[in-house]
Amino acid sequence: MNIQTLLNTRIQEAMVTAGAPEGSPALVRQSAKVQFGDYQANGIMGAAKKLKMNPREFAQTVLTKLDLSDIAEKIEIAGPGFINIFLKAEWMSQEVARVLRDARLDVQKVTQPQTIVVDYSSPNLAKEMHVGHLRSTVIGDSVVRTLEFLGHHVIRQNHVGDWGTQFGMLLAYMERLRKESSEISMVLSDLEVFYRKAKECFDEDADFAVRARELVVELQSGNEECLALWDEFIDISLTHCEETYKMLGVSLKREHVMPESAYNDDLANVVSELDDQGLLQESEGAKCIFMEEFANKDGEITPVIVQKTGGGFLYSTTDLAALRFRQHTLGFDRGLYFVDARQSLHFQQIFTLGRKAGFVKAGTSLEHMPFGTVMGSDGKPFKTRSGGVAKLSALLEEAQERAYALVASKNPDMAEDELRNIGRVVGIASVKYADLSKNRTSDYVFNWDNMLSFEGNTAPYLLYAYSRISSIIKRAEVNIDTLDASILLNSDQERALSVKLLQFSEAVDQVATDGMPHFMCSYLYDLAGIFMTFYEACPILTSEAEVKSSRLMLAANTASTLKKGMELLGIETLERM
């Protein structure tokens, strides 16, 4: 049950009955301080202003129309017209017990599931995945997991870069190696080295550069030999990506790849349709669309170029073709694009043009989910110690080694295979959580010490909290599944933990709506902290039977919620650390 939604509905109905305009928002929020109750409705002032009434008087009228007696023990008016709501202990006790018995933790599936296309990760296959792909991949994957948990039909689209000028350079280098009888797959084992050598040839050898440009034309014209070389390169490149995805623990598979090349045969059709609708203009030989919505203060418009002077197509053309395919073939209701913030103008233009051209229906939601940059301690985009772009696979391997060393130092008697597994889980979780816990739109500084710390809002802290609760339950030597006791909320700590447990579905809904996993991270961190406070104030294993059973059920509910929350973030949990 989403308490916030329930309260919003009931208070909004009472406001309208009291005379507020239809649709007036109740604006129910979780209260920031305990003295303001568990929830606070802030919509009274706005509605009263429209009615030209005193807000407190209108609030009092609303309360006469509002019945929350089944879930609230006290409702009060505060300040200029806030409504503070204190939940009823008996109701919370019953709800928490019910949540514990529910595999979904009482998170209801949506009544009207949507078809949602999520465009994320999207590496350029000319090189190996680097740290710059981390954010799109882990944020997108967490949102995908959340949307699927809520019952939506989610279609993953890994729009990999596998087409264009740079591939002519790479194919020319493959061609040269084959003439030298070199083993292509061995040379491609390190894509970064392969790309660097191909680029050197392109920059230093005029004949090589000419051949590279010829191969681009041959590739795009469907030359069989050229396509065979390209297929070999793409297959090896995608294998690199799959290895990184597996290490990272994301749900992307080869079947989710929908590359730029898939739209190649449709690009001329896209341009033709735009022309038929009178949207195209020619500018210096290029075919462009000028939209007044994107005029600057001087009236100058940055155009969308869909075909270059020489006849070549651009990212904008491919993205328009992808939009059309996703609408007409996949039938999506909502499209989420996890692409960095520097592409904001590009997507604003593409979405606007897609609607003008009729490639997208009026009711389809198109949402660019921008994210900031992973920064180094110098305030610049994160690099390796040697100054190069950090390969994601190398970064994840280093994370596991650092976590292994940390865990081994704390557990000198633990078996090696268990230490290695804990190091793997903690290392990967630390890198992912450090990213997911930051506001998606912000830049953040990559710092090993912070992300591997057992203190603060980190993966090690949450993983340890979960394993500690699991240990408590194990030591109790009871079967939680058959434990049938009333949950007693006799202390402030028990009450606070119950309220937080019942707010899990609100965190899930917020991630699904806003595409921001840091809301789930904040929730889990708060929950773990509230549990620790509860544990220190409320003995579990040494309490008398009735109290012990109640507190064990609260502990089990906390463990289940932490586990499910981390699962939605794409993070494994550990029973022992």
# chains A, B, ... in the order shown; residues from 1 in each chain; ligands from 1
>>> residues_around(residues="A:Thr364", least_positions_apart="2", cutoff="6 Å", atoms="only C-alpha atoms", output="list in words")
Asp333, Arg334, Lys361 and Ala362 of chain A
>>> closest_atom_pairs(of="stretch 107-150 of chain A", to="stretch 310-324 of chain A", cutoff="12 Å", atoms="only C-alpha atoms", output="JSON lines")
{"residue": "A:Val117", "atom": "CA", "partner": "A:Leu323", "partner_atom": "CA", "distance": 10.2}
{"residue": "A:Val118", "atom": "CA", "partner": "A:Leu323", "partner_atom": "CA", "distance": 11.8}
{"residue": "A:Asp119", "atom": "CA", "partner": "A:Ala322", "partner_atom": "CA", "distance": 10.3}
>>> write_last_selection(atoms="N, CA and C atoms", output="PDB file, in the first residue's frame")
ATOM      1  N   VAL A 117       9.795   1.693 -23.353  1.00  0.00           N
ATOM      2  CA  VAL A 117      11.106   1.459 -23.963  1.00  0.00           C
ATOM      3  C   VAL A 117      12.142   2.247 -23.172  1.00  0.00           C
ATOM      4  N   VAL A 118      13.188   1.543 -22.737  1.00  0.00           N
ATOM      5  CA  VAL A 118      14.258   2.195 -21.991  1.00  0.00           C
ATOM      6  C   VAL A 118      15.556   2.072 -22.787  1.00  0.00           C
ATOM      7  N   ASP A 119      16.068   3.221 -23.200  1.00  0.00           N
ATOM      8  CA  ASP A 119      17.298   3.318 -23.997  1.00  0.00           C
ATOM      9  C   ASP A 119      18.431   3.619 -23.029  1.00  0.00           C
TER      10      ASP A 119
END
>>> closest_residue(among="A:Lys438, A:Lys179, A:Lys432, A:Arg495", to="A:Phe519", atoms="only C-alpha atoms")
A:Lys438
>>> residues_around(residues="A:Asn411", least_positions_apart="6", cutoff="12 Å", atoms="only C-alpha atoms", output="NGL selection string")
:A and (404-405 or 418-420 or 422-423 or 576-577)
>>> write_last_selection(atoms="N, CA and C atoms", output="mmCIF file, in the first residue's frame")
data_model
loop_
_atom_site.group_PDB
_atom_site.id
_atom_site.type_symbol
_atom_site.label_atom_id
_atom_site.label_comp_id
_atom_site.auth_asym_id
_atom_site.auth_seq_id
_atom_site.Cartn_x
_atom_site.Cartn_y
_atom_site.Cartn_z
ATOM 1 N N TYR A 404 38.224 -7.033 -1.437
ATOM 2 C CA TYR A 404 38.777 -8.282 -0.898
ATOM 3 C C TYR A 404 39.811 -7.980 0.187
ATOM 4 N N ALA A 405 40.723 -7.062 -0.085
ATOM 5 C CA ALA A 405 41.757 -6.716 0.884
ATOM 6 C C ALA A 405 41.136 -6.153 2.167
ATOM 7 N N GLU A 418 35.280 -17.779 0.367
ATOM 8 C CA GLU A 418 34.239 -16.896 0.878
ATOM 9 C C GLU A 418 34.713 -15.447 0.853
ATOM 10 N N LEU A 419 35.983 -15.245 1.193
ATOM 11 C CA LEU A 419 36.537 -13.886 1.131
ATOM 12 C C LEU A 419 36.462 -13.330 -0.283
ATOM 13 N N ARG A 420 36.786 -14.183 -1.259
ATOM 14 C CA ARG A 420 36.769 -13.743 -2.653
ATOM 15 C C ARG A 420 35.338 -13.392 -3.082
ATOM 16 N N ILE A 422 32.832 -12.440 -1.105
ATOM 17 C CA ILE A 422 32.438 -11.206 -0.424
ATOM 18 C C ILE A 422 33.116 -10.011 -1.085
ATOM 19 N N GLY A 423 34.418 -10.171 -1.442
ATOM 20 C CA GLY A 423 35.131 -9.092 -2.122
ATOM 21 C C GLY A 423 34.478 -8.737 -3.444
ATOM 22 N N ARG A 576 26.459 -13.103 5.284
ATOM 23 C CA ARG A 576 27.558 -12.950 6.235
ATOM 24 C C ARG A 576 28.650 -12.102 5.610
ATOM 25 N N MET A 577 29.247 -11.213 6.422
ATOM 26 C CA MET A 577 30.343 -10.377 5.912
ATOM 27 C C MET A 577 31.545 -10.481 6.870
#
>>> closest_residue(among="A:Phe531, A:Leu336, A:Leu27, A:Ile428", to="A:Leu147", atoms="only C-alpha atoms")
A:Leu336
>>> residues_around(residues="A:Ala555", least_positions_apart="6", cutoff="12 Å", atoms="only C-alpha atoms", output="mmCIF file with C-alpha atoms, in the first residue's frame")
data_model
loop_
_atom_site.group_PDB
_atom_site.id
_atom_site.type_symbol
_atom_site.label_atom_id
_atom_site.label_comp_id
_atom_site.auth_asym_id
_atom_site.auth_seq_id
_atom_site.Cartn_x
_atom_site.Cartn_y
_atom_site.Cartn_z
ATOM 1 C CA VAL A 96 3.556 -4.305 9.035
ATOM 2 C CA ALA A 97 2.533 -7.885 9.901
ATOM 3 C CA LEU A 100 5.981 -9.401 6.180
ATOM 4 C CA ALA A 465 23.258 -3.840 8.084
ATOM 5 C CA TYR A 466 21.492 -6.586 6.152
ATOM 6 C CA SER A 467 23.959 -9.299 7.186
ATOM 7 C CA ARG A 468 23.785 -8.168 10.807
ATOM 8 C CA ILE A 469 19.990 -8.464 10.855
ATOM 9 C CA SER A 470 20.235 -11.878 9.185
ATOM 10 C CA SER A 471 22.631 -12.945 11.934
ATOM 11 C CA ILE A 472 20.236 -11.775 14.659
ATOM 12 C CA ILE A 473 17.377 -13.749 13.126
ATOM 13 C CA LYS A 474 19.588 -16.829 12.747
ATOM 14 C CA ALA A 476 17.009 -16.490 17.458
ATOM 15 C CA ILE A 480 10.048 -16.428 10.839
ATOM 16 C CA ILE A 487 3.588 -6.460 16.450
ATOM 17 C CA GLU A 494 9.428 0.588 17.257
ATOM 18 C CA LEU A 497 10.768 1.666 12.288
ATOM 19 C CA SER A 498 7.209 0.617 11.414
ATOM 20 C CA LEU A 501 8.878 0.057 6.641
ATOM 21 C CA LEU A 527 15.756 2.442 7.073
ATOM 22 C CA ALA A 528 19.092 0.881 8.074
ATOM 23 C CA ILE A 530 16.411 3.690 12.014
ATOM 24 C CA PHE A 531 16.838 -0.067 12.540
ATOM 25 C CA MET A 532 20.207 0.445 14.238
ATOM 26 C CA PHE A 534 15.772 0.528 17.276
ATOM 27 C CA TYR A 535 18.228 -2.326 17.918
ATOM 28 C CA CYS A 538 14.993 -2.309 22.046
ATOM 29 C CA PRO A 539 16.692 -5.630 22.955
ATOM 30 C CA ILE A 540 15.493 -8.475 20.760
ATOM 31 C CA LEU A 541 16.941 -11.827 21.800
ATOM 32 C CA LYS A 548 10.862 -10.913 21.336
ATOM 33 C CA SER A 549 8.497 -12.270 18.670
ATOM 34 C CA THR A 561 12.898 -4.658 2.639
ATOM 35 C CA LEU A 562 16.647 -4.027 2.482
#
>>> select_by_dssp(residues="stretch 341-532 of chain A", states="strand (DSSP E or B)", output="mmCIF file with N, CA and C atoms, in the first residue's frame")
data_model
loop_
_atom_site.group_PDB
_atom_site.id
_atom_site.type_symbol
_atom_site.label_atom_id
_atom_site.label_comp_id
_atom_site.auth_asym_id
_atom_site.auth_seq_id
_atom_site.Cartn_x
_atom_site.Cartn_y
_atom_site.Cartn_z
ATOM 1 N N SER A 365 4.741 9.447 -24.035
ATOM 2 C CA SER A 365 5.646 10.255 -23.223
ATOM 3 C C SER A 365 7.089 9.993 -23.637
ATOM 4 N N LEU A 366 7.819 11.049 -23.954
ATOM 5 C CA LEU A 366 9.236 10.959 -24.307
ATOM 6 C C LEU A 366 10.041 11.704 -23.249
ATOM 7 N N GLU A 367 10.952 11.018 -22.590
ATOM 8 C CA GLU A 367 11.650 11.606 -21.456
ATOM 9 C C GLU A 367 13.160 11.368 -21.551
ATOM 10 N N HIS A 368 13.894 12.449 -21.715
ATOM 11 C CA HIS A 368 15.350 12.356 -21.619
ATOM 12 C C HIS A 368 15.698 12.323 -20.136
ATOM 13 N N VAL A 374 31.080 11.510 -14.117
ATOM 14 C CA VAL A 374 31.922 10.941 -13.070
ATOM 15 C C VAL A 374 33.241 11.716 -13.084
ATOM 16 N N MET A 375 33.542 12.387 -11.980
ATOM 17 C CA MET A 375 34.709 13.266 -11.910
ATOM 18 C C MET A 375 35.839 12.644 -11.092
ATOM 19 N N PRO A 381 36.775 15.146 -15.622
ATOM 20 C CA PRO A 381 36.273 13.794 -15.868
ATOM 21 C C PRO A 381 37.292 12.731 -15.464
ATOM 22 N N LYS A 383 39.838 9.876 -14.891
ATOM 23 C CA LYS A 383 40.832 9.208 -15.734
ATOM 24 C C LYS A 383 41.606 8.193 -14.899
ATOM 25 N N VAL A 389 41.533 7.230 -20.396
ATOM 26 C CA VAL A 389 40.151 6.938 -20.028
ATOM 27 C C VAL A 389 40.115 5.591 -19.311
ATOM 28 N N LYS A 391 39.030 2.110 -18.338
ATOM 29 C CA LYS A 391 38.202 1.015 -18.838
ATOM 30 C C LYS A 391 37.334 0.506 -17.698
ATOM 31 N N TYR A 444 29.547 13.715 -9.856
ATOM 32 C CA TYR A 444 30.051 13.260 -8.554
ATOM 33 C C TYR A 444 31.512 12.846 -8.686
ATOM 34 N N VAL A 445 32.219 12.896 -7.571
ATOM 35 C CA VAL A 445 33.652 12.590 -7.549
ATOM 36 C C VAL A 445 33.849 11.118 -7.210
#
>>> select_by_dssp(residues="stretch 191-391 of chain A", states="alpha helix (DSSP H)", output="ChimeraX atom specification")
/A:191-204,206-221,224-248,267-276,315-328,344-356
>>> residues_around(residues="stretch 61-73 of chain A", least_positions_apart="3", cutoff="9 Å", atoms="only C-alpha atoms", output="mmCIF file with N, CA and C atoms, in the first residue's frame")
data_model
loop_
_atom_site.group_PDB
_atom_site.id
_atom_site.type_symbol
_atom_site.label_atom_id
_atom_site.label_comp_id
_atom_site.auth_asym_id
_atom_site.auth_seq_id
_atom_site.Cartn_x
_atom_site.Cartn_y
_atom_site.Cartn_z
ATOM 1 N N LEU A 7 -3.549 8.875 1.269
ATOM 2 C CA LEU A 7 -3.851 10.138 1.940
ATOM 3 C C LEU A 7 -4.133 11.247 0.933
ATOM 4 N N ARG A 10 -7.764 10.779 -0.348
ATOM 5 C CA ARG A 10 -8.818 11.094 0.627
ATOM 6 C C ARG A 10 -8.866 12.596 0.945
ATOM 7 N N ILE A 11 -7.710 13.206 1.115
ATOM 8 C CA ILE A 11 -7.695 14.630 1.462
ATOM 9 C C ILE A 11 -8.145 15.474 0.274
ATOM 10 N N GLU A 13 -10.290 14.574 -2.010
ATOM 11 C CA GLU A 13 -11.750 14.437 -2.079
ATOM 12 C C GLU A 13 -12.418 15.338 -1.043
ATOM 13 N N ALA A 14 -11.849 15.393 0.168
ATOM 14 C CA ALA A 14 -12.410 16.239 1.226
ATOM 15 C C ALA A 14 -12.294 17.711 0.867
ATOM 16 N N MET A 15 -11.187 18.094 0.238
ATOM 17 C CA MET A 15 -10.990 19.482 -0.176
ATOM 18 C C MET A 15 -12.036 19.899 -1.208
ATOM 19 N N VAL A 16 -12.278 19.023 -2.170
ATOM 20 C CA VAL A 16 -13.268 19.332 -3.212
ATOM 21 C C VAL A 16 -14.667 19.416 -2.593
ATOM 22 N N THR A 17 -14.974 18.480 -1.697
ATOM 23 C CA THR A 17 -16.271 18.507 -1.014
ATOM 24 C C THR A 17 -16.440 19.796 -0.208
ATOM 25 N N ALA A 18 -15.291 20.298 0.314
ATOM 26 C CA ALA A 18 -15.329 21.531 1.116
ATOM 27 C C ALA A 18 -15.378 22.783 0.241
ATOM 28 N N GLY A 19 -15.325 22.611 -1.086
ATOM 29 C CA GLY A 19 -15.460 23.761 -1.976
ATOM 30 C C GLY A 19 -14.271 24.083 -2.835
ATOM 31 N N ILE A 44 -3.577 22.959 1.321
ATOM 32 C CA ILE A 44 -4.678 23.808 1.790
ATOM 33 C C ILE A 44 -4.478 25.269 1.399
ATOM 34 N N ARG A 56 -6.489 28.638 7.460
ATOM 35 C CA ARG A 56 -6.797 27.818 8.638
ATOM 36 C C ARG A 56 -8.303 27.525 8.713
ATOM 37 N N GLU A 57 -9.109 28.517 8.331
ATOM 38 C CA GLU A 57 -10.561 28.293 8.329
ATOM 39 C C GLU A 57 -10.941 27.232 7.294
ATOM 40 N N PHE A 58 -10.297 27.313 6.122
ATOM 41 C CA PHE A 58 -10.582 26.313 5.095
ATOM 42 C C PHE A 58 -10.097 24.937 5.547
ATOM 43 N N GLU A 76 -4.220 17.234 12.988
ATOM 44 C CA GLU A 76 -4.214 18.581 13.556
ATOM 45 C C GLU A 76 -3.856 19.610 12.492
ATOM 46 N N ILE A 77 -4.312 20.835 12.713
ATOM 47 C CA ILE A 77 -3.964 21.953 11.832
ATOM 48 C C ILE A 77 -2.794 22.684 12.452
ATOM 49 N N ILE A 83 -1.907 20.412 7.419
ATOM 50 C CA ILE A 83 -2.626 19.355 8.122
ATOM 51 C C ILE A 83 -1.622 18.267 8.474
ATOM 52 N N ILE A 85 -0.727 14.623 10.109
ATOM 53 C CA ILE A 85 -1.413 13.342 10.260
ATOM 54 C C ILE A 85 -0.526 12.384 11.045
ATOM 55 N N PHE A 86 -1.041 11.870 12.144
ATOM 56 C CA PHE A 86 -0.340 10.903 12.984
ATOM 57 C C PHE A 86 -1.011 9.543 12.782
ATOM 58 N N LEU A 87 -0.287 8.568 12.275
ATOM 59 C CA LEU A 87 -0.863 7.257 11.979
ATOM 60 C C LEU A 87 -1.201 6.496 13.255
ATOM 61 N N LYS A 88 -2.207 5.663 13.152
ATOM 62 C CA LYS A 88 -2.689 4.882 14.285
ATOM 63 C C LYS A 88 -1.780 3.673 14.505
ATOM 64 N N ALA A 89 -1.334 3.468 15.735
ATOM 65 C CA ALA A 89 -0.407 2.377 16.049
ATOM 66 C C ALA A 89 -1.003 1.015 15.729
ATOM 67 N N GLU A 90 -2.289 0.806 16.059
ATOM 68 C CA GLU A 90 -2.925 -0.491 15.809
ATOM 69 C C GLU A 90 -2.969 -0.788 14.311
ATOM 70 N N TRP A 91 -3.272 0.231 13.517
ATOM 71 C CA TRP A 91 -3.319 0.045 12.062
ATOM 72 C C TRP A 91 -1.936 -0.283 11.515
ATOM 73 N N MET A 92 -0.915 0.451 11.966
ATOM 74 C CA MET A 92 0.453 0.189 11.506
ATOM 75 C C MET A 92 0.891 -1.223 11.881
#
>>> closest_residue(among="A:Ser181, A:Ser189, A:Ser142, A:Thr352", to="A:His518", atoms="only C-alpha atoms")
A:Ser142
>>> residues_around(residues="A:Ala48", least_positions_apart="6", cutoff="8 Å", atoms="only C-alpha atoms", output="number ranges by chain")
A: 20, 54-55, 58
>>> residues_around(residues="A:Met174", least_positions_apart="3", cutoff="8 Å", atoms="only C-alpha atoms", output="ChimeraX atom specification")
/A:170-171,177-178,184,229
>>> closest_residue(among="A:Gly132, A:Gly168, A:Gly358, A:Gly427", to="A:Gly376", atoms="only C-alpha atoms")
A:Gly132
>>> closest_residue(among="A:Phe338, A:Tyr173, A:Phe359, A:Trp448", to="A:Val138", atoms="only C-alpha atoms")
A:Phe338
>>> closest_atom_pairs(of="stretch 161-186 of chain A", to="stretch 121-124 of chain A", cutoff="10 Å", atoms="only C-alpha atoms", output="JSON lines")
{"residue": "A:Gly161", "atom": "CA", "partner": "A:Asn124", "partner_atom": "CA", "distance": 4.3}
{"residue": "A:Asp162", "atom": "CA", "partner": "A:Asn124", "partner_atom": "CA", "distance": 6.6}
{"residue": "A:Trp163", "atom": "CA", "partner": "A:Asn124", "partner_atom": "CA", "distance": 9.1}
>>> closest_residue(among="A:Gln510, A:Gln166, A:Ser237, A:Thr137", to="A:Val250", atoms="only C-alpha atoms")
A:Thr137
